[in-house]
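Working notes, structure below.
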Amino acid sequence: MINNTLAKKRIIAAVAVTVVLIAAIVAVPVIRREICYGTVVGECDNQELVERWQQYGEAYAIGANKDGMPIFKDRKAAMKQAKKDYGLGFEYLREYRNFPKISDNPKVCQQYKMLGWQTVPPMTVENYEEIGRQCGMVSRFLDIYCNSFGEDG
C-alpha cells in the first residue's frame, strides 16, 4: 500500500513537471517575439507615415520596435479601432475568401494583408466603392500591424 501511494505521488509529480516544461517551451517564443518585435522602443523615423496615420486617430499612434520597424504603440487599441473604421473591408474579405475572423494570429493577419490590396469588389456589391477603399486600408493597416510579429509574422 505504501509503495503504491509513493508511486502515484511520483507519477503525479512527473506529470506536473512535464506540463510545466511544455508550457514553458510553448510560451518562450511567444514572449520573446512580443518583447523583440511588439514593444515600442523609440520613435518611428518615417514622419510621413506617422502623420498619415495620426490623422485617423490616437489609436493609430506609431512608434518603432527594436529593428526600427514601424509598429502601433498600442496594438490592441489599433486593432479595435481598425475593426470599427474598416469593418466593411474586414467583413468582405472574410466572406470573399472564407477567412477566419480577423485576430492577433500572425497567419490570419498575413492572409488579410495580402488579399486586401488586391481586392476590388464587383459593382453588383452594395457599397462596392467604400468596401474597396476599406479593403485597401485593411492592407495598409496590417502592413504596420504585422511588424509586431517579426519576420515570421
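In the C-alpha cells, the first chain shown is A, the next is B, and so on; residue numbers restart at 1 for each chain, and ligands run from 1 in the order shown.
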
Worksheet item: Could you pull out the strand (DSSP E) residues of chain A from DSSP and send them as JSON, numbers by chain?
Response: {"A": [42, 43, 62, 63, 64, 70, 71, 72]}

How about saving the chosen residues, C-alpha atoms kept, as a compact mmCIF listing (two decimals), in the first residue's frame?
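File out.txt, as written:
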# COMPACT_ATOMS: atom_id res chain seq x y z
CA GLY A 42 11.62 54.53 -29.95
CA GLU A 43 10.02 56.93 -32.36
CA ILE A 62 3.11 54.74 -34.39
CA GLY A 63 6.47 54.04 -32.78
CA ALA A 64 9.38 51.79 -33.71
CA PRO A 70 7.04 50.98 -37.54
CA ILE A 71 4.53 49.42 -35.14
CA PHE A 72 1.42 50.70 -33.41

Which residues of stretch 2-99 of chain A sit at most 10 Å from stretch 133-137 of chain A, using only C-alpha atoms? Give each one's shortest atom pair and distance in Å (one decimal place), in chain and ascending residue order, as JSON lines.
{"residue": "A:Ala82", "atom": "CA", "partner": "A:Met137", "partner_atom": "CA", "distance": 8.9}
{"residue": "A:Asp85", "atom": "CA", "partner": "A:Gln134", "partner_atom": "CA", "distance": 8.1}
{"residue": "A:Tyr86", "atom": "CA", "partner": "A:Gln134", "partner_atom": "CA", "distance": 5.2}
{"residue": "A:Gly87", "atom": "CA", "partner": "A:Gln134", "partner_atom": "CA", "distance": 7.8}
{"residue": "A:Leu88", "atom": "CA", "partner": "A:Gln134", "partner_atom": "CA", "distance": 6.8}
{"residue": "A:Gly89", "atom": "CA", "partner": "A:Cys135", "partner_atom": "CA", "distance": 4.5}
{"residue": "A:Phe90", "atom": "CA", "partner": "A:Cys135", "partner_atom": "CA", "distance": 6.9}
{"residue": "A:Glu91", "atom": "CA", "partner": "A:Cys135", "partner_atom": "CA", "distance": 9.3}
{"residue": "A:Tyr92", "atom": "CA", "partner": "A:Cys135", "partner_atom": "CA", "distance": 8.0}
{"residue": "A:Leu93", "atom": "CA", "partner": "A:Cys135", "partner_atom": "CA", "distance": 7.3}

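As for atom CA of A:Gln55 and atom CA of A:Lys73, they are spaced 15.2 Å apart.
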
Would you pick out the contacts of A:Tyr56 at 12 Å or less, using only C-alpha atoms, so that residues sharing its chain but fewer than 2 positions from it are not included, and give the list as a compact mmCIF listing (two decimals) with N, CA and C atoms, in the first residue's frame?
# COMPACT_ATOMS: atom_id res chain seq x y z
N LEU A 49 4.68 58.67 -42.63
CA LEU A 49 3.85 57.55 -42.20
C LEU A 49 3.16 57.87 -40.88
N VAL A 50 3.91 58.42 -39.94
CA VAL A 50 3.36 58.77 -38.63
C VAL A 50 2.22 59.77 -38.80
N GLU A 51 2.45 60.81 -39.59
CA GLU A 51 1.44 61.85 -39.78
C GLU A 51 0.21 61.32 -40.51
N ARG A 52 0.45 60.45 -41.50
CA ARG A 52 -0.67 59.88 -42.25
C ARG A 52 -1.61 59.11 -41.33
N TRP A 53 -1.05 58.30 -40.43
CA TRP A 53 -1.88 57.50 -39.54
C TRP A 53 -2.43 58.32 -38.37
N GLN A 54 -1.71 59.37 -37.99
CA GLN A 54 -2.18 60.24 -36.90
C GLN A 54 -3.51 60.88 -37.24
N GLU A 58 -5.86 58.70 -32.40
CA GLU A 58 -4.80 58.38 -31.46
C GLU A 58 -4.52 56.88 -31.37
N ALA A 59 -5.52 56.05 -31.63
CA ALA A 59 -5.32 54.60 -31.57
C ALA A 59 -4.27 54.14 -32.58
N TYR A 60 -4.05 54.93 -33.62
CA TYR A 60 -3.09 54.57 -34.67
C TYR A 60 -1.71 55.20 -34.46
N ALA A 61 -1.40 55.64 -33.25
CA ALA A 61 -0.08 56.23 -32.97
C ALA A 61 1.00 55.19 -33.27
N ILE A 62 2.06 55.64 -33.92
CA ILE A 62 3.11 54.74 -34.39
C ILE A 62 4.43 55.04 -33.70
N ALA A 78 -5.23 49.75 -31.59
CA ALA A 78 -5.21 49.96 -33.04
C ALA A 78 -6.12 48.94 -33.74
N GLN A 81 -9.79 49.78 -33.09
CA GLN A 81 -10.23 50.91 -33.89
C GLN A 81 -10.34 50.54 -35.37
N ALA A 82 -9.39 49.75 -35.86
CA ALA A 82 -9.42 49.33 -37.26
C ALA A 82 -10.67 48.50 -37.56
N LYS A 84 -13.49 48.89 -36.25
CA LYS A 84 -14.59 49.85 -36.37
C LYS A 84 -14.49 50.62 -37.69
N ASP A 85 -13.29 51.14 -37.95
CA ASP A 85 -13.11 52.00 -39.12
C ASP A 85 -13.19 51.26 -40.45
N TYR A 86 -12.74 50.02 -40.48
CA TYR A 86 -12.67 49.26 -41.73
C TYR A 86 -13.46 47.96 -41.64
N MET A 137 -7.37 49.93 -47.10
CA MET A 137 -6.94 50.41 -45.79
C MET A 137 -6.63 49.25 -44.84
N PHE A 141 -3.15 49.01 -43.00
CA PHE A 141 -3.13 48.86 -41.54
C PHE A 141 -2.31 47.63 -41.15

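Ranking A:Met69, A:Tyr96, A:Ala14, A:Pro106 by their shortest atom-to-atom distance to A:Pro122, with only C-alpha atoms included, puts A:Tyr96 first.
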
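DSSP, applied to the backbone of this structure, assigns helix (DSSP H, G or I) to the following residues of stretch 56-86 of chain A: Glu58, Ala59, Tyr60, Arg75, Lys76, Ala77, Ala78, Met79, Lys80, Gln81, Ala82, Lys83, Lys84 and Asp85 of chain A.
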
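Between atom CA of A:Asp67 and atom CA of A:Tyr37 there is a distance of 7.5 Å.
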
Practice prompt. Can you pull out every residue within 7 Å of A:Lys113, counting only C-alpha atoms, but drop anything in the same chain fewer than 4 positions away, and send it as number ranges by chain?
Written response: A: 109, 138-139, 142-143

Using C-alpha atoms, can you export the residues from the last selection as a PDB file, in the first residue's frame?
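Everything below was put into selection.pdb:
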ATOM      1  CA  CYS A 109      -3.286  38.865 -40.423  1.00  0.00           C
ATOM      2  CA  VAL A 138      -7.075  46.954 -44.156  1.00  0.00           C
ATOM      3  CA  SER A 139      -3.965  46.039 -46.113  1.00  0.00           C
ATOM      4  CA  LEU A 142      -1.941  45.259 -41.410  1.00  0.00           C
ATOM      5  CA  ASP A 143       1.314  46.166 -43.150  1.00  0.00           C
TER       6      ASP A 143
END
